[in-house]
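Everything on this sheet refers to the single structure shown next.
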Amino acid sequence: MQTLLLNSGDVETNAQMDAVIEAVEQAFGAFERGDTQMPAKSYIDLPQYNGDFRSMPAYLEARGSDASSSESGSQRDADAADDWDAAGIKWVNVHPDNPSEHDLPTVLGTMIYSDPETAFPLAIMDGTTLTMKRTGAAAAVATDYLAVPDATSLGLVGAGVQSYTQLDAISEIRPIEEVVVSDLDDERTQRFIDAYDDEFDVRAGTISEAGHCDVLSTVTPVRDPVVSPDDVGEQTHINAIGADAEGKHELADDLLEAATIVIDDHEQCTHSGEINVPYHDGTLTDADIYGEIGELVIGAKAGRAGGAGGDDESGVTGISVFDSTGLAIQDVAAARIVYENARDRDTGTPFGLIDTEVQ
């Protein structure tokens with residue numbers, strides 16, 4: 001047996017977005033049912049290098065029936081027996097001095113994907129591209145359950161690398177036609193427009209113009225909120241992606257108070273997600289959190305009225321917010337898609353990491 005080495009290009013090629021969305025949705029369902037093992041993220045702080053390491057291990061047993069984002073109900077029923085499990089660990093860092101001092105990215109991720117039955121390392125792959133893909137996929141799952149069913153417009157606050165994946169993923173879930181992007185950097189905004197102007201009606205706009213789209217994804221690292229209640233429409237669904245550390249905060253408190261809030265994980269979101277600041281201040285409490293995205297996936301909580309997980313008489317109405325912090329089970333679910341596609345397509349570089357003759 002050999003291990004597959006998959007670089008960023010291999011991950012990009014084999015992270016088929018519709019399949020990653022489906023796998024991430026199934027991972028959320030497994031998490032809600034208790035069919036996962038996901039120890040808390042552990043940290044190694046290295047102040048002498050102005051950086052840190054983080055380890056994110058996980059195992060999950062997923063149900064093939066949890067796939068409303070990608071298939072019709074009848075097809076899901078037919079595929080209900082298509083269950084799977086997977087295991088892996090992502091080793092990731094944050095070294096802010098890397099770009100200026102070492103000509104390296106601030107964040108470098110490596111994913112080890114293993115066979116749960118034997119622990120054989122099936123693949124070692126780039127975790128940075130994988131993270132971008134699964135983050136976009138998580139927003140797409142939330143959009144499917146929380147955005148209005150006929151959503152055709154997407155707003156983006158922030159035109160960095162994650163904005164591209166947000167559009168790629170969400171356009172798999174809704175027939176997006178119009179895209180409005182708002183960023184302080186005009187050159188970055190123009191690069192985004194140039195990348196997509198053949199596919200969508202895409203233009204630069206204000207935060208308010210982006211926020212009055214049917215779906216809004218915020219992908220900035222700000223600590224002072226930039227989106228207020230006046231900046232969004234009455235039925236806008238917001239994917240809050242940017243907050244990934246204590247103190248980060250993109251949406252104004254009164255916007256969060258007015259919204260139906262769905263989170264990925266209570267511990268992570270209250271510690272370092274979009275709601276962390278108002279939660280610690282006491283402005284928001286557990287009573288203000290509608291539920292976890294996994295509850296919508298398994299049907300324990302209703303999604304958008306008239307949409308996935310809801311019906312015409314009941315479900316979420318008004319502004320909704322998905323607080324996405326990113327879970328290790330998402331990485332493992334996405335890694336499974338990448339590995340299986342790469343294996344089937346004979347891509348990547350196989351190598352003998354383990355001497356299988358040693359007993």
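Following the order of the structure tokens, chains are lettered A, B, ..., residues in each are numbered from 1, and ligands are numbered from 1.
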Please return as an mmCIF file with all heavy atoms, in the first residue's frame: the residues of segment 131-243 of chain A that backbone DSSP assigns to strand (DSSP E).
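The file below, result22.cif, is the result:
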data_model
loop_
_atom_site.group_PDB
_atom_site.id
_atom_site.type_symbol
_atom_site.label_atom_id
_atom_site.label_comp_id
_atom_site.auth_asym_id
_atom_site.auth_seq_id
_atom_site.Cartn_x
_atom_site.Cartn_y
_atom_site.Cartn_z
ATOM 1 N N SER A 153 -29.053 36.640 -5.860
ATOM 2 C CA SER A 153 -27.992 37.637 -5.718
ATOM 3 C C SER A 153 -27.150 37.350 -4.491
ATOM 4 O O SER A 153 -27.651 36.898 -3.460
ATOM 5 C CB SER A 153 -28.587 39.049 -5.625
ATOM 6 O OG SER A 153 -29.482 39.155 -4.527
ATOM 7 N N LEU A 154 -25.856 37.586 -4.623
ATOM 8 C CA LEU A 154 -24.886 37.342 -3.551
ATOM 9 C C LEU A 154 -24.044 38.587 -3.341
ATOM 10 O O LEU A 154 -23.475 39.125 -4.292
ATOM 11 C CB LEU A 154 -23.978 36.157 -3.898
ATOM 12 C CG LEU A 154 -22.782 35.910 -2.967
ATOM 13 C CD1 LEU A 154 -23.257 35.510 -1.569
ATOM 14 C CD2 LEU A 154 -21.856 34.834 -3.537
ATOM 15 N N GLY A 155 -23.958 39.031 -2.104
ATOM 16 C CA GLY A 155 -23.065 40.121 -1.727
ATOM 17 C C GLY A 155 -21.864 39.590 -0.980
ATOM 18 O O GLY A 155 -21.963 38.601 -0.241
ATOM 19 N N LEU A 156 -20.739 40.230 -1.176
ATOM 20 C CA LEU A 156 -19.505 39.837 -0.493
ATOM 21 C C LEU A 156 -18.872 41.070 0.133
ATOM 22 O O LEU A 156 -18.648 42.073 -0.553
ATOM 23 C CB LEU A 156 -18.530 39.196 -1.479
ATOM 24 C CG LEU A 156 -18.969 37.857 -2.079
ATOM 25 C CD1 LEU A 156 -18.175 37.556 -3.347
ATOM 26 C CD2 LEU A 156 -18.794 36.734 -1.063
ATOM 27 N N VAL A 157 -18.597 41.011 1.403
ATOM 28 C CA VAL A 157 -17.832 42.056 2.075
ATOM 29 C C VAL A 157 -16.448 41.482 2.312
ATOM 30 O O VAL A 157 -16.256 40.600 3.150
ATOM 31 C CB VAL A 157 -18.492 42.499 3.388
ATOM 32 C CG1 VAL A 157 -17.616 43.540 4.094
ATOM 33 C CG2 VAL A 157 -19.878 43.069 3.129
ATOM 34 N N GLU A 178 -26.465 37.772 -9.892
ATOM 35 C CA GLU A 178 -25.848 39.068 -9.586
ATOM 36 C C GLU A 178 -24.926 38.936 -8.380
ATOM 37 O O GLU A 178 -25.280 38.315 -7.381
ATOM 38 C CB GLU A 178 -26.933 40.104 -9.287
ATOM 39 C CG GLU A 178 -26.386 41.474 -8.899
ATOM 40 C CD GLU A 178 -27.465 42.427 -8.437
ATOM 41 O OE1 GLU A 178 -28.632 41.998 -8.304
ATOM 42 O OE2 GLU A 178 -27.147 43.596 -8.187
ATOM 43 N N VAL A 179 -23.734 39.534 -8.475
ATOM 44 C CA VAL A 179 -22.768 39.514 -7.381
ATOM 45 C C VAL A 179 -22.284 40.941 -7.139
ATOM 46 O O VAL A 179 -21.869 41.622 -8.081
ATOM 47 C CB VAL A 179 -21.558 38.604 -7.703
ATOM 48 C CG1 VAL A 179 -20.571 38.600 -6.539
ATOM 49 C CG2 VAL A 179 -22.012 37.191 -8.033
ATOM 50 N N VAL A 180 -22.352 41.382 -5.890
ATOM 51 C CA VAL A 180 -21.866 42.702 -5.502
ATOM 52 C C VAL A 180 -20.759 42.515 -4.479
ATOM 53 O O VAL A 180 -20.969 41.877 -3.437
ATOM 54 C CB VAL A 180 -22.983 43.577 -4.908
ATOM 55 C CG1 VAL A 180 -22.427 44.959 -4.545
ATOM 56 C CG2 VAL A 180 -24.145 43.706 -5.874
ATOM 57 N N VAL A 181 -19.581 43.041 -4.758
ATOM 58 C CA VAL A 181 -18.431 42.860 -3.871
ATOM 59 C C VAL A 181 -17.971 44.212 -3.341
ATOM 60 O O VAL A 181 -17.868 45.186 -4.084
ATOM 61 C CB VAL A 181 -17.275 42.118 -4.592
ATOM 62 C CG1 VAL A 181 -16.831 42.854 -5.840
ATOM 63 C CG2 VAL A 181 -16.106 41.875 -3.646
ATOM 64 N N SER A 182 -17.717 44.270 -2.043
ATOM 65 C CA SER A 182 -17.289 45.498 -1.390
ATOM 66 C C SER A 182 -15.972 45.249 -0.656
ATOM 67 O O SER A 182 -15.878 44.339 0.173
ATOM 68 C CB SER A 182 -18.358 45.964 -0.394
ATOM 69 O OG SER A 182 -17.960 47.144 0.271
ATOM 70 N N ASP A 201 -23.169 38.611 -13.367
ATOM 71 C CA ASP A 201 -23.263 40.066 -13.406
ATOM 72 C C ASP A 201 -22.620 40.562 -12.119
ATOM 73 O O ASP A 201 -23.271 40.691 -11.083
ATOM 74 C CB ASP A 201 -24.728 40.481 -13.491
ATOM 75 C CG ASP A 201 -24.916 41.996 -13.438
ATOM 76 O OD1 ASP A 201 -23.899 42.720 -13.560
ATOM 77 O OD2 ASP A 201 -26.062 42.440 -13.259
ATOM 78 N N VAL A 202 -21.320 40.809 -12.162
ATOM 79 C CA VAL A 202 -20.556 41.121 -10.960
ATOM 80 C C VAL A 202 -20.053 42.555 -11.017
ATOM 81 O O VAL A 202 -19.577 43.015 -12.052
ATOM 82 C CB VAL A 202 -19.389 40.115 -10.767
ATOM 83 C CG1 VAL A 202 -18.482 40.058 -11.986
ATOM 84 C CG2 VAL A 202 -18.588 40.415 -9.522
ATOM 85 N N ARG A 203 -20.163 43.259 -9.897
ATOM 86 C CA ARG A 203 -19.746 44.664 -9.843
ATOM 87 C C ARG A 203 -19.304 45.021 -8.437
ATOM 88 O O ARG A 203 -19.627 44.326 -7.463
ATOM 89 C CB ARG A 203 -20.891 45.576 -10.258
ATOM 90 C CG ARG A 203 -22.107 45.523 -9.343
ATOM 91 C CD ARG A 203 -23.210 46.445 -9.813
ATOM 92 N NE ARG A 203 -24.410 46.348 -8.980
ATOM 93 C CZ ARG A 203 -24.609 47.018 -7.855
ATOM 94 N NH1 ARG A 203 -23.659 47.862 -7.403
ATOM 95 N NH2 ARG A 203 -25.726 46.874 -7.156
ATOM 96 N N ALA A 204 -18.568 46.116 -8.329
ATOM 97 C CA ALA A 204 -18.196 46.664 -7.034
ATOM 98 C C ALA A 204 -19.370 47.443 -6.463
ATOM 99 O O ALA A 204 -20.214 47.967 -7.206
ATOM 100 C CB ALA A 204 -16.982 47.581 -7.187
ATOM 101 N N VAL A 215 -28.252 36.897 -0.388
ATOM 102 C CA VAL A 215 -27.268 36.231 0.468
ATOM 103 C C VAL A 215 -26.069 37.146 0.602
ATOM 104 O O VAL A 215 -25.656 37.789 -0.376
ATOM 105 C CB VAL A 215 -26.826 34.882 -0.126
ATOM 106 C CG1 VAL A 215 -25.830 34.181 0.804
ATOM 107 C CG2 VAL A 215 -28.015 33.973 -0.411
ATOM 108 N N LEU A 216 -25.514 37.232 1.805
ATOM 109 C CA LEU A 216 -24.315 38.033 2.057
ATOM 110 C C LEU A 216 -23.297 37.172 2.783
ATOM 111 O O LEU A 216 -23.623 36.515 3.774
ATOM 112 C CB LEU A 216 -24.657 39.248 2.924
ATOM 113 C CG LEU A 216 -23.472 40.081 3.431
ATOM 114 C CD1 LEU A 216 -22.767 40.790 2.281
ATOM 115 C CD2 LEU A 216 -23.920 41.086 4.493
ATOM 116 N N SER A 217 -22.066 37.162 2.293
ATOM 117 C CA SER A 217 -20.969 36.519 3.018
ATOM 118 C C SER A 217 -19.956 37.585 3.407
ATOM 119 O O SER A 217 -19.509 38.368 2.559
ATOM 120 C CB SER A 217 -20.292 35.448 2.155
ATOM 121 O OG SER A 217 -21.112 34.309 2.012
ATOM 122 N N THR A 218 -19.607 37.622 4.691
ATOM 123 C CA THR A 218 -18.620 38.574 5.184
ATOM 124 C C THR A 218 -17.328 37.826 5.476
ATOM 125 O O THR A 218 -17.326 36.853 6.226
ATOM 126 C CB THR A 218 -19.120 39.296 6.445
ATOM 127 O OG1 THR A 218 -19.431 38.338 7.469
ATOM 128 C CG2 THR A 218 -20.378 40.098 6.130
ATOM 129 N N HIS A 237 -29.918 36.441 4.115
ATOM 130 C CA HIS A 237 -29.166 35.458 4.900
ATOM 131 C C HIS A 237 -27.698 35.840 4.867
ATOM 132 O O HIS A 237 -27.131 36.109 3.790
ATOM 133 C CB HIS A 237 -29.323 34.039 4.366
ATOM 134 C CG HIS A 237 -28.321 33.104 4.972
ATOM 135 N ND1 HIS A 237 -28.308 32.827 6.325
ATOM 136 C CD2 HIS A 237 -27.253 32.447 4.431
ATOM 137 C CE1 HIS A 237 -27.286 32.024 6.582
ATOM 138 N NE2 HIS A 237 -26.638 31.778 5.459
ATOM 139 N N ILE A 238 -27.043 35.844 6.041
ATOM 140 C CA ILE A 238 -25.650 36.263 6.166
ATOM 141 C C ILE A 238 -24.795 35.086 6.616
ATOM 142 O O ILE A 238 -25.088 34.434 7.620
ATOM 143 C CB ILE A 238 -25.502 37.409 7.191
ATOM 144 C CG1 ILE A 238 -26.415 38.583 6.836
ATOM 145 C CG2 ILE A 238 -24.042 37.863 7.272
ATOM 146 C CD1 ILE A 238 -26.537 39.612 7.947
ATOM 147 N N ASN A 239 -23.729 34.818 5.869
ATOM 148 C CA ASN A 239 -22.701 33.880 6.308
ATOM 149 C C ASN A 239 -21.557 34.691 6.907
ATOM 150 O O ASN A 239 -20.839 35.390 6.186
ATOM 151 C CB ASN A 239 -22.191 33.051 5.125
ATOM 152 C CG ASN A 239 -23.276 32.192 4.516
ATOM 153 O OD1 ASN A 239 -23.880 31.376 5.192
ATOM 154 N ND2 ASN A 239 -23.530 32.374 3.222
ATOM 155 N N ALA A 240 -21.403 34.628 8.219
ATOM 156 C CA ALA A 240 -20.347 35.369 8.903
ATOM 157 C C ALA A 240 -19.121 34.478 9.007
ATOM 158 O O ALA A 240 -19.063 33.567 9.829
ATOM 159 C CB ALA A 240 -20.821 35.805 10.289
#
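Of the residues in segment 66-142 of chain A, those given alpha helix (DSSP H) by DSSP on the backbone are Gly73, Ser74, Gln75, Arg76, Asp77, Ala78, Gly127, Thr128, Thr129, Leu130, Thr131, Met132, Lys133, Arg134, Thr135, Gly136, Ala137, Ala138, Ala139, Ala140, Val141 and Ala142 of chain A.
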Item to check | Spatial neighbours of His95 of chain A, 8 Å, only C-alpha atoms, chain gap at least 6 places, as a PyMOL selection string | outcome: chain A and resi 49-52+106-107
Checklist entry - Could you pull the residues within 6 Å of segment 35-46 of chain A, counting only C-alpha atoms, minus those fewer than 5 positions along the same chain, as a ChimeraX atom specification? => result /A:30,51-56,58-61
Those residues you just picked out, can you put them in a file as an mmCIF file, in the first residue's frame with C-alpha atoms?
data_model
loop_
_atom_site.group_PDB
_atom_site.id
_atom_site.type_symbol
_atom_site.label_atom_id
_atom_site.label_comp_id
_atom_site.auth_asym_id
_atom_site.auth_seq_id
_atom_site.Cartn_x
_atom_site.Cartn_y
_atom_site.Cartn_z
ATOM 1 C CA ALA A 30 -23.098 13.306 12.163
ATOM 2 C CA GLY A 51 3.403 32.249 15.673
ATOM 3 C CA ASP A 52 1.626 29.128 16.783
ATOM 4 C CA PHE A 53 0.682 25.607 15.725
ATOM 5 C CA ARG A 54 -2.806 24.125 15.980
ATOM 6 C CA SER A 55 -3.858 20.487 15.706
ATOM 7 C CA MET A 56 -7.379 19.505 14.620
ATOM 8 C CA ALA A 58 -11.516 14.177 14.027
ATOM 9 C CA TYR A 59 -13.392 10.981 13.247
ATOM 10 C CA LEU A 60 -16.957 10.811 11.932
ATOM 11 C CA GLU A 61 -19.568 8.297 10.859
#
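Proximity to Pro47 of chain A was assessed for A:Gly64, A:Gly303, A:Pro116, A:Pro96 counting only C-alpha atoms; the smallest distance is recorded for A:Pro96.
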Checklist entry - Neighbours of segment 317-320 of chain A within 7 Å (only C-alpha atoms; same-chain residues fewer than 3 positions away dropped), as a ChimeraX atom specification? => result /A:146,234-238,259-261,304-305
Checklist entry - Just how far from atom CA of Thr110 of chain A is atom CA of Ala15 of chain A, in Å to one decimal? => result 15.3 Å
